[in-house]
Every structure is written in C-alpha cells, then in structure tokens.
Amino acid sequence: MNPYEFVDANRKEFIEELKELLRIPSVSTLSEHKCDIRRTAEWLRAHLESIGMSRVALYETPGNPIVYAEWLEAGDAPTVLIYGHYDVQPADDADNLWLSDPFEPDVRDGNLYARGATDDKGQTITQIKAIQSLLATGQMPVNVKFIIEGEEEIGSRNLPLYLRNHAAELACDYLVISDTSKLDAQTPALAYATRGLVYKEIILTGPNRDLHSGQYGGAVANPANVLAAILNSLRDHQGRVTIPGFYDDVVPLTPEERQRLGTHGLSDADLVAKTGCPSPSGETGYTTAERCTARPTLDVNGLCAGYTGEGAATVIPTTATAKLSMRLVGNQNPDAISLAFDEAVRQVCPPTVKLTIRNHSHCAAYLAPTDSPGMRAAAQALADSFGRPPVLTREGGTLPILPLFKEVLGADSLMLGFSVPDCNLHSPNEFFHVADFVAGTRCILRFIERLGHM
C-alpha cells in the first residue's frame, strides 16, 4: 500500500480523530479552559507517539505547554519542521449565532463545523496525517520535526524563549505552516510575504481636570485639538506617511509582482463590495491590491477624548488618547520605525501638553524567496493536489512567528494553507471543507515526497 492508498483507506478514521480533538475547548484567552489546554497538549503527545514518531516531548513554559516530536531516520536527507497551534478562539454567543455546538463537531453539506476546524486544529491534523501515512507505509524520505504550541491566539508570548533555548534541537531546512487559506474555493495559494507591525499609543495630558470651555476656552491647550493636529501631521494629502526615513528600506515590487497582484489581488470593485466604503482610498500611485498587501501603512485604530455621551457637554478634556498601527513591509526595521515615530511625534507636539508614548507590540515583516527548492516543491504539491497551479500571494496581516523562525533558525517558511477564505475563522460557524481536509493531507504528502527527491 502506498501513502495515498493509506489516506483513502483511513479517511473516515482521520476525520473521527479530528473530531475528537475538536471536542476539547482549548481556548487560550480564557483561564477557565486551562485544564482543556493541558488536555489538548496531552492528546497531541499521545497521538504523535501512536503514529510512530521516534521521540515526543511536552515542553513546559510559563504559559501553555509546547508539543514537540521528531523522526530523524532519513540520514542526510532534508529536515522539515512542521508548525501548528492547538489553541483556539472563544466561541462567543454560541447559543444564538452558532448553528451547532461549537465544540461538538458537525458535518453538514460536506463541511465540518466546529471551533478550530480550520484555525488551526484541522490544518494541523492534515500535517500529522500526511506524516502518519508516510511512516505507516515505510516511505518517509525526509527527517521530520513537529512543534505545536498553545498560545498562538494570544500572541505566542512564550515561543521566542523556547525557540532560542532549543534552536539546536529545532534545526531544519524548511518550516511548513498550514495556517493560511486558498485564494478561493478552487484555487490554491502560496503566500511568500506578510507585513510587520508597530503598535503605538499616544496620550496627551493638559489641565488637571475637564474645564468649562466658555470659561477657559482659548486660554489653555485642548489635548483633543493637539492630538488631531499630531495625527494629521503623520500623513500627507497623497496618503504617504511623513515620518522621516519611513520608506527608506521598503523593498519595491517587481513588475511580475505587480502583474500578479493586478490579476489575482483585491480589485476596487471587490473592496467596495466587501467593505461598504463609497470608494477606494490610499497611497497615490498604487492599486487597492498593492495597498492591502505590499505597501506600509499608518492607521488610527482608536480615539478617546472628552465627553462622548448623549447630548452635549461643553468641556475641554483633561486627556486625549489615540492608538495607532503601522504595517511594515520588506526590510523595514520595526525598532527603527518605532524610534522614528516617537521622534516625529515629539517634534510636532507643543510644550503646552504632556506627551506620553506607549509601545504595545512590534514585529518585522517577512519576505521569502519564491524560487527556492522548497517553494518549488510546495507549488508543485499544491498544483497536483488541487488540480491547478497556486497563486503566489502576499498577506496583508502579520505572522510574528515567521520572522522569528527566520531569525532563530535561519530557515524559510512555506505557507501551505487549505481552508477557503470565507471559512469563518474567529467567527461563529467556523468550518473546514472535508474535501479540502483530504486534499490538504495529500498535499503535505506530495510536498514531503518532492522535497525528499530533490
């Protein structure tokens, strides 16, 4: 029996095992599920042992445990490190918005509905089942390691220290991550870039209490007015960020990338339809698809100042605050951007208010080569498994683990995702197409085989 025949023969069993894992409510953001987190990690440890991994361990962290497994009997063949996460988002309003119990998996119309069905238990099980099929048939051509964490949904806060402490053990040629999606229901995608993030908070303090605007207006600095002026100064009328040096290290798009984004990226019409905005907006000289994935940004995420309740209250507020995010691309250094932001704000902030700048998070962008042997193997595996070649894509969001893995292990990440974009991840009625679960398992299988034969 070859590995593909093994997948076909055990398809029902694979799905039942996935359902068993999905029944455990491993919600990392809620302390009440601490025991469920532990139970999930133990389930994965036992399962990886049962499929024939040579060594399996549970590494404790100050937070949730990390599951590690390895099979290193392929000699000088390449080593693949497979990453996944077993924690899930809360299932808010389960009684009203979910059509079935979020932690009692239900197959309807060819879809498996449950919290974690795609993000990321379902896709992690595709990885595990592909390796099981190769081990069971004695046809494993590469060395394989697994790292499955339980804190991805809360920022992977204990992963960096674990990686640095176990860098030698985790050494690999490529990482495989299945936590992204296809381009659409029919077309696979292979992401090669994600944007970085710098998140800031500006706090301006003026008078020691809210003041009567008739009695004191025009005589004291209004923190809300000052904040509005500061925010306005950070972007020009062409939508470009005005922070000195902000664009110095941006890697420009190649003509091929622009053509690809123009063909497969978000169009102006799609943007209007999806968001309800009257029309597109953004940096002059770039398309909607380029603005959403390949250009850096600066956005206000929250504002608070003065009286915001019903009716009117004529006050000069004591404080005004704004939260802002900057999405970074290419080689932009988040530390340098953070410092440049602080300096730009200080330069325009008058001495009539007290300025405080808080740092909330920052992460570098990730950009992988598209012509490496691993990328070629991944692209061919996707084409073979889904019947059409994948589209190379750039993700507009941030995956902090990608630059972290690159920094610590020196290895590129291959993002092989199998869910559809509208699978409701982080939302009620999250689902995974059963057909994509099987195709994803076969895809990981094909990728491992192709990498081993290169």
# chains A, B, ... in the order shown; residues from 1 in each chain; ligands from 1
call {"tool": "select_by_dssp", "arguments": {"residues": "segment 179-215 of chain A", "states": "strand (DSSP E)", "output": "list in words"}}
result
Ala189, Leu190, Ala191, Tyr192, Ala193, Thr194, Gly196, Leu197, Val198, Tyr199, Lys200, Glu201, Ile202, Ile203, Leu204, Thr205, Leu211 and His212 of chain A
call {"tool": "write_last_selection", "arguments": {"atoms": "N, CA, C and O atoms", "output": "compact mmCIF listing (two decimals), in the first residue's frame"}}
result
# COMPACT_ATOMS: atom_id res chain seq x y z
N ALA A 189 -3.30 28.74 -2.96
CA ALA A 189 -2.43 29.91 -2.84
C ALA A 189 -1.17 29.53 -2.07
O ALA A 189 -1.20 28.64 -1.22
N LEU A 190 -0.09 30.20 -2.38
CA LEU A 190 1.17 30.00 -1.68
C LEU A 190 1.68 31.37 -1.27
O LEU A 190 2.19 32.14 -2.10
N ALA A 191 1.53 31.71 0.00
CA ALA A 191 1.94 33.04 0.49
C ALA A 191 3.46 33.06 0.69
O ALA A 191 4.04 32.10 1.20
N TYR A 192 4.08 34.16 0.30
CA TYR A 192 5.52 34.30 0.47
C TYR A 192 5.90 35.56 1.24
O TYR A 192 7.09 35.81 1.48
N ALA A 193 4.91 36.35 1.65
CA ALA A 193 5.22 37.58 2.38
C ALA A 193 4.09 37.92 3.33
O ALA A 193 2.91 37.69 3.03
N THR A 194 4.46 38.47 4.47
CA THR A 194 3.49 39.03 5.42
C THR A 194 4.01 40.40 5.85
O THR A 194 5.21 40.68 5.76
N GLY A 196 4.78 43.43 8.64
CA GLY A 196 5.14 43.58 10.04
C GLY A 196 4.19 44.54 10.73
O GLY A 196 3.23 45.05 10.14
N LEU A 197 4.46 44.82 12.00
CA LEU A 197 3.54 45.65 12.79
C LEU A 197 4.30 46.42 13.86
O LEU A 197 5.15 45.87 14.55
N VAL A 198 3.99 47.71 13.96
CA VAL A 198 4.38 48.52 15.11
C VAL A 198 3.09 49.16 15.63
O VAL A 198 2.38 49.83 14.88
N TYR A 199 2.79 48.93 16.92
CA TYR A 199 1.54 49.43 17.51
C TYR A 199 1.88 50.40 18.64
O TYR A 199 2.63 50.06 19.55
N LYS A 200 1.33 51.60 18.56
CA LYS A 200 1.65 52.67 19.49
C LYS A 200 0.40 53.26 20.12
O LYS A 200 -0.71 53.15 19.58
N GLU A 201 0.60 53.93 21.25
CA GLU A 201 -0.47 54.70 21.89
C GLU A 201 0.08 56.06 22.28
O GLU A 201 1.12 56.16 22.93
N ILE A 202 -0.62 57.10 21.85
CA ILE A 202 -0.27 58.49 22.20
C ILE A 202 -1.24 58.96 23.29
O ILE A 202 -2.46 58.85 23.13
N ILE A 203 -0.69 59.50 24.37
CA ILE A 203 -1.51 60.04 25.45
C ILE A 203 -1.09 61.49 25.69
O ILE A 203 0.08 61.76 25.98
N LEU A 204 -2.03 62.39 25.54
CA LEU A 204 -1.78 63.81 25.80
C LEU A 204 -2.55 64.24 27.04
O LEU A 204 -3.75 63.96 27.16
N THR A 205 -1.86 64.92 27.95
CA THR A 205 -2.49 65.41 29.18
C THR A 205 -2.36 66.92 29.24
O THR A 205 -1.27 67.47 29.07
N LEU A 211 -12.32 71.10 31.88
CA LEU A 211 -12.59 72.51 32.13
C LEU A 211 -13.81 72.99 31.33
O LEU A 211 -14.12 72.48 30.26
N HIS A 212 -14.45 74.03 31.84
CA HIS A 212 -15.56 74.69 31.16
C HIS A 212 -14.99 75.41 29.93
O HIS A 212 -14.10 76.25 30.05
call {"tool": "residues_around", "arguments": {"residues": "Cys349 of chain A", "least_positions_apart": "5", "cutoff": "8 Å", "atoms": "only C-alpha atoms", "output": "PyMOL selection string"}}
result
chain A and resi 226+230+355
call {"tool": "residues_around", "arguments": {"residues": "Asp179 of chain A", "least_positions_apart": "3", "cutoff": "9 Å", "atoms": "only C-alpha atoms", "output": "PyMOL selection string"}}
result
chain A and resi 84-85+118-120+123-124+415-419
call {"tool": "atom_distance", "arguments": {"atom1": "atom CA of Ala336 of chain A", "atom2": "atom CA of Gly285 of chain A"}}
result
25.4 Å
call {"tool": "residues_around", "arguments": {"residues": "Ala383 of chain A", "least_positions_apart": "2", "cutoff": "12 Å", "atoms": "only C-alpha atoms", "output": "list of chain:residue names"}}
result
A:Lys182, A:Gln186, A:Thr187, A:Pro188, A:Ala189, A:Leu190, A:Arg376, A:Ala377, A:Ala378, A:Ala379, A:Gln380, A:Ala381, A:Ser385, A:Phe386, A:Gly387, A:Arg388, A:Pro389, A:Pro390, A:Val391, A:Leu416, A:Ala439, A:Gly440, A:Arg442, A:Cys443, A:Ile444, A:Arg446, A:Phe447
call {"tool": "closest_residue", "arguments": {"among": "A:Ala136, A:Val80, A:Val329, A:Leu234", "to": "Met1 of chain A", "atoms": "only C-alpha atoms"}}
result
A:Ala136
call {"tool": "decode", "arguments": {"residues": "segment 353-420 of chain A", "atoms": "C-alpha atoms", "output": "PDB file, in the first residue's frame"}}
result
ATOM      1  CA  VAL A 353       0.569  69.454  26.884  1.00  0.00           C
ATOM      2  CA  LYS A 354       2.342  66.486  28.440  1.00  0.00           C
ATOM      3  CA  LEU A 355       3.158  63.730  25.927  1.00  0.00           C
ATOM      4  CA  THR A 356       3.354  60.017  26.734  1.00  0.00           C
ATOM      5  CA  ILE A 357       4.004  57.357  24.071  1.00  0.00           C
ATOM      6  CA  ARG A 358       3.365  53.726  24.909  1.00  0.00           C
ATOM      7  CA  ASN A 359       4.696  50.774  22.923  1.00  0.00           C
ATOM      8  CA  HIS A 360       2.289  47.852  22.640  1.00  0.00           C
ATOM      9  CA  SER A 361       3.818  45.478  20.100  1.00  0.00           C
ATOM     10  CA  HIS A 362       6.134  45.298  17.141  1.00  0.00           C
ATOM     11  CA  CYS A 363       7.174  42.675  14.634  1.00  0.00           C
ATOM     12  CA  ALA A 364       9.188  42.618  11.416  1.00  0.00           C
ATOM     13  CA  ALA A 365       7.726  41.849   8.014  1.00  0.00           C
ATOM     14  CA  TYR A 366       8.514  38.534   6.352  1.00  0.00           C
ATOM     15  CA  LEU A 367       9.600  38.048   2.740  1.00  0.00           C
ATOM     16  CA  ALA A 368      10.660  34.636   1.439  1.00  0.00           C
ATOM     17  CA  PRO A 369      12.392  33.801  -1.854  1.00  0.00           C
ATOM     18  CA  THR A 370       9.940  32.422  -4.397  1.00  0.00           C
ATOM     19  CA  ASP A 371      12.455  30.299  -6.330  1.00  0.00           C
ATOM     20  CA  SER A 372      13.917  28.080  -3.590  1.00  0.00           C
ATOM     21  CA  PRO A 373      13.728  24.263  -3.903  1.00  0.00           C
ATOM     22  CA  GLY A 374      11.230  24.239  -1.042  1.00  0.00           C
ATOM     23  CA  MET A 375       8.945  26.787  -2.722  1.00  0.00           C
ATOM     24  CA  ARG A 376       9.113  24.863  -5.997  1.00  0.00           C
ATOM     25  CA  ALA A 377       8.224  21.624  -4.202  1.00  0.00           C
ATOM     26  CA  ALA A 378       5.358  23.331  -2.359  1.00  0.00           C
ATOM     27  CA  ALA A 379       3.977  24.898  -5.545  1.00  0.00           C
ATOM     28  CA  GLN A 380       4.027  21.598  -7.407  1.00  0.00           C
ATOM     29  CA  ALA A 381       2.421  19.758  -4.483  1.00  0.00           C
ATOM     30  CA  LEU A 382      -0.424  22.279  -4.397  1.00  0.00           C
ATOM     31  CA  ALA A 383      -0.922  22.035  -8.159  1.00  0.00           C
ATOM     32  CA  ASP A 384      -1.018  18.235  -8.039  1.00  0.00           C
ATOM     33  CA  SER A 385      -3.422  18.168  -5.099  1.00  0.00           C
ATOM     34  CA  PHE A 386      -5.929  20.837  -6.174  1.00  0.00           C
ATOM     35  CA  GLY A 387      -5.780  20.481  -9.952  1.00  0.00           C
ATOM     36  CA  ARG A 388      -4.431  23.938 -10.769  1.00  0.00           C
ATOM     37  CA  PRO A 389      -1.225  25.869 -10.020  1.00  0.00           C
ATOM     38  CA  PRO A 390      -1.192  28.015  -6.899  1.00  0.00           C
ATOM     39  CA  VAL A 391      -1.210  31.790  -6.979  1.00  0.00           C
ATOM     40  CA  LEU A 392       1.721  33.392  -5.180  1.00  0.00           C
ATOM     41  CA  THR A 393       0.241  35.816  -2.661  1.00  0.00           C
ATOM     42  CA  ARG A 394       1.274  38.399  -0.098  1.00  0.00           C
ATOM     43  CA  GLU A 395      -0.607  38.509   3.215  1.00  0.00           C
ATOM     44  CA  GLY A 396      -1.681  41.925   4.456  1.00  0.00           C
ATOM     45  CA  GLY A 397      -1.669  40.824   8.080  1.00  0.00           C
ATOM     46  CA  THR A 398       1.150  39.902  10.429  1.00  0.00           C
ATOM     47  CA  LEU A 399       2.503  36.489  11.454  1.00  0.00           C
ATOM     48  CA  PRO A 400       5.166  37.199  14.101  1.00  0.00           C
ATOM     49  CA  ILE A 401       6.374  33.600  14.089  1.00  0.00           C
ATOM     50  CA  LEU A 402       7.718  33.860  10.520  1.00  0.00           C
ATOM     51  CA  PRO A 403      10.470  36.453  11.109  1.00  0.00           C
ATOM     52  CA  LEU A 404      11.067  34.817  14.496  1.00  0.00           C
ATOM     53  CA  PHE A 405      11.740  31.412  12.912  1.00  0.00           C
ATOM     54  CA  LYS A 406      13.948  33.038  10.283  1.00  0.00           C
ATOM     55  CA  GLU A 407      15.941  34.926  12.914  1.00  0.00           C
ATOM     56  CA  VAL A 408      16.465  31.990  15.280  1.00  0.00           C
ATOM     57  CA  LEU A 409      16.642  29.020  12.906  1.00  0.00           C
ATOM     58  CA  GLY A 410      17.711  30.676   9.655  1.00  0.00           C
ATOM     59  CA  ALA A 411      15.051  28.737   7.753  1.00  0.00           C
ATOM     60  CA  ASP A 412      12.366  29.939   5.359  1.00  0.00           C
ATOM     61  CA  SER A 413       8.715  29.154   5.999  1.00  0.00           C
ATOM     62  CA  LEU A 414       6.411  27.552   3.441  1.00  0.00           C
ATOM     63  CA  MET A 415       2.776  28.523   3.998  1.00  0.00           C
ATOM     64  CA  LEU A 416       0.611  25.670   2.750  1.00  0.00           C
ATOM     65  CA  GLY A 417      -2.958  26.553   3.717  1.00  0.00           C
ATOM     66  CA  PHE A 418      -6.033  24.560   2.709  1.00  0.00           C
ATOM     67  CA  SER A 419      -9.103  26.384   4.031  1.00  0.00           C
ATOM     68  CA  VAL A 420     -11.299  28.669   1.945  1.00  0.00           C
TER      69      VAL A 420
END
